[in-house]
Amino acid sequence: MNFQKQFDRYRKMVNDGIDKVFYKRECLQKSVYDAMTYSVKAGGKRIRPVLALAVGDMLGADLEDVLKIGVAIECIHTYSLIHDDLPCMDNDDLRRGMPTCHKKFGEATALLAGDGLLTMAFELLTDFSAFKTLSAETVLKAAQEITKAAGCAGMIGGQVVDLESEGSQDVTEETLTYMHNRKTGALIRVSVLAGAIAAGADEKKTGALIRFADGIGLAFQVQDDILDCTGNADVLGKPIGSDAENEKTTYVTLLGLDNARTKAEELTQNAIAALECFDEKAKFLKEFAKYLMGRKN
Ligand code: GRG
């Protein structure tokens, strides 16, 4: 199967899995469900659950079970975007070409929709009886890694460093990398790790996959910085230049555009090299790394 077909197949699995969790509910608190559903179905690329599925597939895990973990990770990702767009954070009106959650539903509902998505992730992860092949112990191990990745040592920690660095002229490349490894990298890393845990991968394979995930995670962020100054607002689904407007230090402001491009390329090549031990079986993941490099949104 070629890369695009495989990607579409995984993505369809994710969207079907999301449809089972997010549907129209008629209850007094329907507004929060509507806001959660709006954001989780607003056209995300699904790269995190697709990564979990691709790793699980490569290593022979049960994909229905990996999908459940992947949907939970996508809930956490969506919550982070809703909160990141709020006026007290990045104050963005558009995401993926559509009004942000708070623009559509109001600030209080958007805040609660983010909370609802974060909580929903753990409701899904702790529904041990819903997993066909994975033991409660294995699911709990994945859930614990996801908790750490989403928490203050991971995504929230990165967001704090990001907010506190805004407007500062002294942000070094080391601090920038520390921030991105947590803010964006942690959730990408744990998506790959979840696939490996579900498959019962040994230490050597897991180590190689983590090196791959860390490489693509940082390359993804460098590319994000590049797109914020060279991208097309219509394709990106949000205005470009927001980093400069918010006085953010980025790989482009630190290294210049050409060096940032070289860095993203090197990180991607190193990530691909980390998968050598899987030979041909890693074809999709290698292509996925190149897809992330070439993405326009
Ligand atoms: C508010 C706790 C909290 C955390 C926010 C991840 C994050 C931390 C904020 C997101 C801000 C942002 C736009 C970061 C750049 C990289 C990134 C995560 C882009 C969005 O991810 P994609 O491209 O999104 O996978 P889609 O739209 O495809 O789902």
# chains A, B, ... in the order shown; residues from 1 in each chain; ligands from 1

$ residues_around --residues "Gly43 (chain A)" --least-positions-apart "3" --cutoff "10 Å" --atoms "only C-alpha atoms" --output "PyMOL selection string"
chain A and resi 15+38-40+46+95-98

$ write_last_selection --atoms "N, CA and C atoms" --output "mmCIF file, in the first residue's frame"
data_model
loop_
_atom_site.group_PDB
_atom_site.id
_atom_site.type_symbol
_atom_site.label_atom_id
_atom_site.label_comp_id
_atom_site.auth_asym_id
_atom_site.auth_seq_id
_atom_site.Cartn_x
_atom_site.Cartn_y
_atom_site.Cartn_z
ATOM 1 N N ASN A 15 -10.874 8.855 12.746
ATOM 2 C CA ASN A 15 -12.124 9.627 12.658
ATOM 3 C C ASN A 15 -13.333 8.773 13.054
ATOM 4 N N TYR A 38 -17.173 20.071 18.336
ATOM 5 C CA TYR A 38 -16.790 21.045 17.301
ATOM 6 C C TYR A 38 -15.266 21.054 17.127
ATOM 7 N N SER A 39 -14.549 21.150 18.226
ATOM 8 C CA SER A 39 -13.092 21.281 18.114
ATOM 9 C C SER A 39 -12.412 19.972 17.731
ATOM 10 N N VAL A 40 -12.911 18.869 18.243
ATOM 11 C CA VAL A 40 -12.227 17.599 17.947
ATOM 12 C C VAL A 40 -12.493 17.154 16.505
ATOM 13 N N ARG A 46 -4.535 14.645 12.657
ATOM 14 C CA ARG A 46 -4.535 13.372 13.412
ATOM 15 C C ARG A 46 -3.149 12.739 13.480
ATOM 16 N N ARG A 95 -8.592 28.866 13.890
ATOM 17 C CA ARG A 95 -7.776 27.646 13.914
ATOM 18 C C ARG A 95 -8.289 26.744 12.811
ATOM 19 N N ARG A 96 -7.399 26.247 12.011
ATOM 20 C CA ARG A 96 -7.754 25.379 10.866
ATOM 21 C C ARG A 96 -8.805 26.057 9.994
ATOM 22 N N GLY A 97 -8.701 27.385 9.868
ATOM 23 C CA GLY A 97 -9.605 28.141 9.004
ATOM 24 C C GLY A 97 -10.996 28.333 9.578
ATOM 25 N N MET A 98 -11.204 27.940 10.818
ATOM 26 C CA MET A 98 -12.537 28.077 11.437
ATOM 27 C C MET A 98 -12.409 28.905 12.712
#

$ select_by_dssp --residues "region 12-192 of chain A" --states "helix (DSSP H, G or I)" --output "MDAnalysis selection string"
chainID A and resid 12:21 30:40 47:59 63:85 101:105 107:125 128:130 136:150 155:165 173:183 185:192

$ residues_around --residues "Lys148 (chain A)" --least-positions-apart "4" --cutoff "12 Å" --atoms "only C-alpha atoms" --output "list in words"
Lys141, Ala142, Ala143, Gln144, Cys152, Ala153, Gly154, Met155, Ile156, Gly157, Arg182, Ala186, Leu187, Arg189 and Val190 of chain A

$ residues_near_ligand --ligand "ligand 1" --cutoff "7 Å" --atoms "only C-alpha atoms and all ligand atoms" --output "VMD selection string"
chain A and resid 43 to 47 77 to 78 80 to 81 83 to 84 96 155 to 156 159 183 to 184 221 224 297

$ closest_residue --among "A:Leu118, A:Ile69, A:Ala264, A:Leu63" --to "Val222 (chain A)" --atoms "only C-alpha atoms"
A:Ala264

$ closest_residue --among "A:Ile18, A:Leu255, A:Val55, A:Leu134" --to "Ala208 (chain A)" --atoms "only C-alpha atoms"
A:Val55

$ closest_residue --among "A:Ile197, A:Thr133, A:Thr177, A:Asp93" --to "Glu145 (chain A)" --atoms "only C-alpha atoms"
A:Ile197

$ residues_around --residues "Met13 (chain A)" --least-positions-apart "5" --cutoff "10 Å" --atoms "only C-alpha atoms" --output "list in words"
Phe7, Asp8, Ile18, Asp19, Pro49, Val50, Leu53, Leu63, Glu64, Leu67 and Val71 of chain A

$ decode --residues "region 166-179 of chain A" --atoms "all heavy atoms" --output "CSV table (one decimal), in the first residue's frame"
chain,number,residue,atom,x,y,z
A,166,GLU,N,8.1,34.9,26.4
A,166,GLU,CA,7.5,35.9,25.5
A,166,GLU,C,8.1,37.3,25.8
A,166,GLU,O,8.1,37.8,26.9
A,166,GLU,CB,6.0,36.0,25.6
A,166,GLU,CG,5.3,35.5,24.4
A,166,GLU,CD,3.8,35.4,24.6
A,166,GLU,OE1,3.2,36.4,24.9
A,166,GLU,OE2,3.3,34.2,24.4
A,167,GLY,N,8.6,38.0,24.7
A,167,GLY,CA,9.1,39.3,24.9
A,167,GLY,C,10.5,39.4,25.3
A,167,GLY,O,11.1,40.4,25.3
A,168,SER,N,11.1,38.2,25.7
A,168,SER,CA,12.5,38.2,26.2
A,168,SER,C,13.5,38.2,25.0
A,168,SER,O,13.2,37.5,24.0
A,168,SER,CB,12.7,37.0,27.1
A,168,SER,OG,14.1,36.8,27.3
A,169,GLN,N,14.5,38.9,25.1
A,169,GLN,CA,15.6,38.9,24.1
A,169,GLN,C,16.6,37.9,24.4
A,169,GLN,O,17.6,37.7,23.6
A,169,GLN,CB,16.2,40.3,24.0
A,169,GLN,CG,15.3,41.5,23.8
A,169,GLN,CD,14.5,41.4,22.5
A,169,GLN,OE1,15.0,41.1,21.4
A,169,GLN,NE2,13.2,41.5,22.6
A,170,ASP,N,16.5,37.2,25.5
A,170,ASP,CA,17.7,36.4,25.9
A,170,ASP,C,17.4,34.9,25.8
A,170,ASP,O,18.0,34.1,26.5
A,170,ASP,CB,18.0,36.6,27.4
A,170,ASP,CG,18.2,38.1,27.7
A,170,ASP,OD1,18.8,38.8,26.9
A,170,ASP,OD2,17.7,38.6,28.8
A,171,VAL,N,16.4,34.5,25.0
A,171,VAL,CA,16.1,33.1,24.9
A,171,VAL,C,17.1,32.4,24.0
A,171,VAL,O,17.4,32.8,22.9
A,171,VAL,CB,14.7,32.9,24.3
A,171,VAL,CG1,14.4,31.4,24.2
A,171,VAL,CG2,13.6,33.6,25.2
A,172,THR,N,17.8,31.4,24.6
A,172,THR,CA,18.8,30.7,23.9
A,172,THR,C,18.2,29.5,23.1
A,172,THR,O,17.1,29.1,23.4
A,172,THR,CB,19.9,30.1,24.8
A,172,THR,OG1,19.2,29.2,25.7
A,172,THR,CG2,20.6,31.2,25.6
A,173,GLU,N,19.0,28.9,22.2
A,173,GLU,CA,18.5,27.8,21.4
A,173,GLU,C,18.3,26.6,22.4
A,173,GLU,O,17.4,25.8,22.2
A,173,GLU,CB,19.5,27.4,20.3
A,173,GLU,CG,18.9,26.3,19.4
A,173,GLU,CD,19.8,25.9,18.3
A,173,GLU,OE1,20.8,26.6,18.0
A,173,GLU,OE2,19.5,24.8,17.7
A,174,GLU,N,19.1,26.5,23.5
A,174,GLU,CA,18.9,25.5,24.5
A,174,GLU,C,17.6,25.6,25.1
A,174,GLU,O,16.8,24.6,25.3
A,174,GLU,CB,20.0,25.6,25.5
A,174,GLU,CG,20.2,24.4,26.3
A,174,GLU,CD,21.2,24.6,27.5
A,174,GLU,OE1,21.9,25.7,27.5
A,174,GLU,OE2,21.4,23.7,28.3
A,175,THR,N,17.2,26.8,25.5
A,175,THR,CA,15.9,27.0,26.2
A,175,THR,C,14.8,26.7,25.2
A,175,THR,O,13.7,26.1,25.6
A,175,THR,CB,15.8,28.5,26.7
A,175,THR,OG1,16.9,28.7,27.5
A,175,THR,CG2,14.5,28.7,27.5
A,176,LEU,N,14.9,27.2,24.0
A,176,LEU,CA,13.9,27.0,22.9
A,176,LEU,C,13.7,25.5,22.7
A,176,LEU,O,12.5,25.0,22.7
A,176,LEU,CB,14.4,27.6,21.6
A,176,LEU,CG,13.3,27.8,20.6
A,176,LEU,CD1,12.2,28.8,21.0
A,176,LEU,CD2,14.0,28.3,19.3
A,177,THR,N,14.8,24.7,22.7
A,177,THR,CA,14.6,23.3,22.5
A,177,THR,C,14.0,22.6,23.7
A,177,THR,O,13.2,21.7,23.6
A,177,THR,CB,16.0,22.7,22.2
A,177,THR,OG1,16.5,23.3,21.0
A,177,THR,CG2,16.0,21.2,21.9
A,178,TYR,N,14.4,23.0,24.9
A,178,TYR,CA,13.8,22.5,26.1
A,178,TYR,C,12.3,22.7,26.1
A,178,TYR,O,11.5,21.8,26.4
A,178,TYR,CB,14.4,23.3,27.3
A,178,TYR,CG,13.9,22.9,28.7
A,178,TYR,CD1,14.6,22.0,29.5
A,178,TYR,CD2,12.7,23.4,29.2
A,178,TYR,CE1,14.2,21.6,30.7
A,178,TYR,CE2,12.3,23.0,30.5
A,178,TYR,CZ,13.0,22.1,31.2
A,178,TYR,OH,12.6,21.8,32.5
A,179,MET,N,11.9,23.9,25.7
A,179,MET,CA,10.5,24.3,25.7
A,179,MET,C,9.7,23.4,24.6
A,179,MET,O,8.7,22.8,25.0
A,179,MET,CB,10.4,25.8,25.3
A,179,MET,CG,9.0,26.3,25.3
A,179,MET,SD,8.3,26.4,23.7
A,179,MET,CE,9.1,27.8,23.0
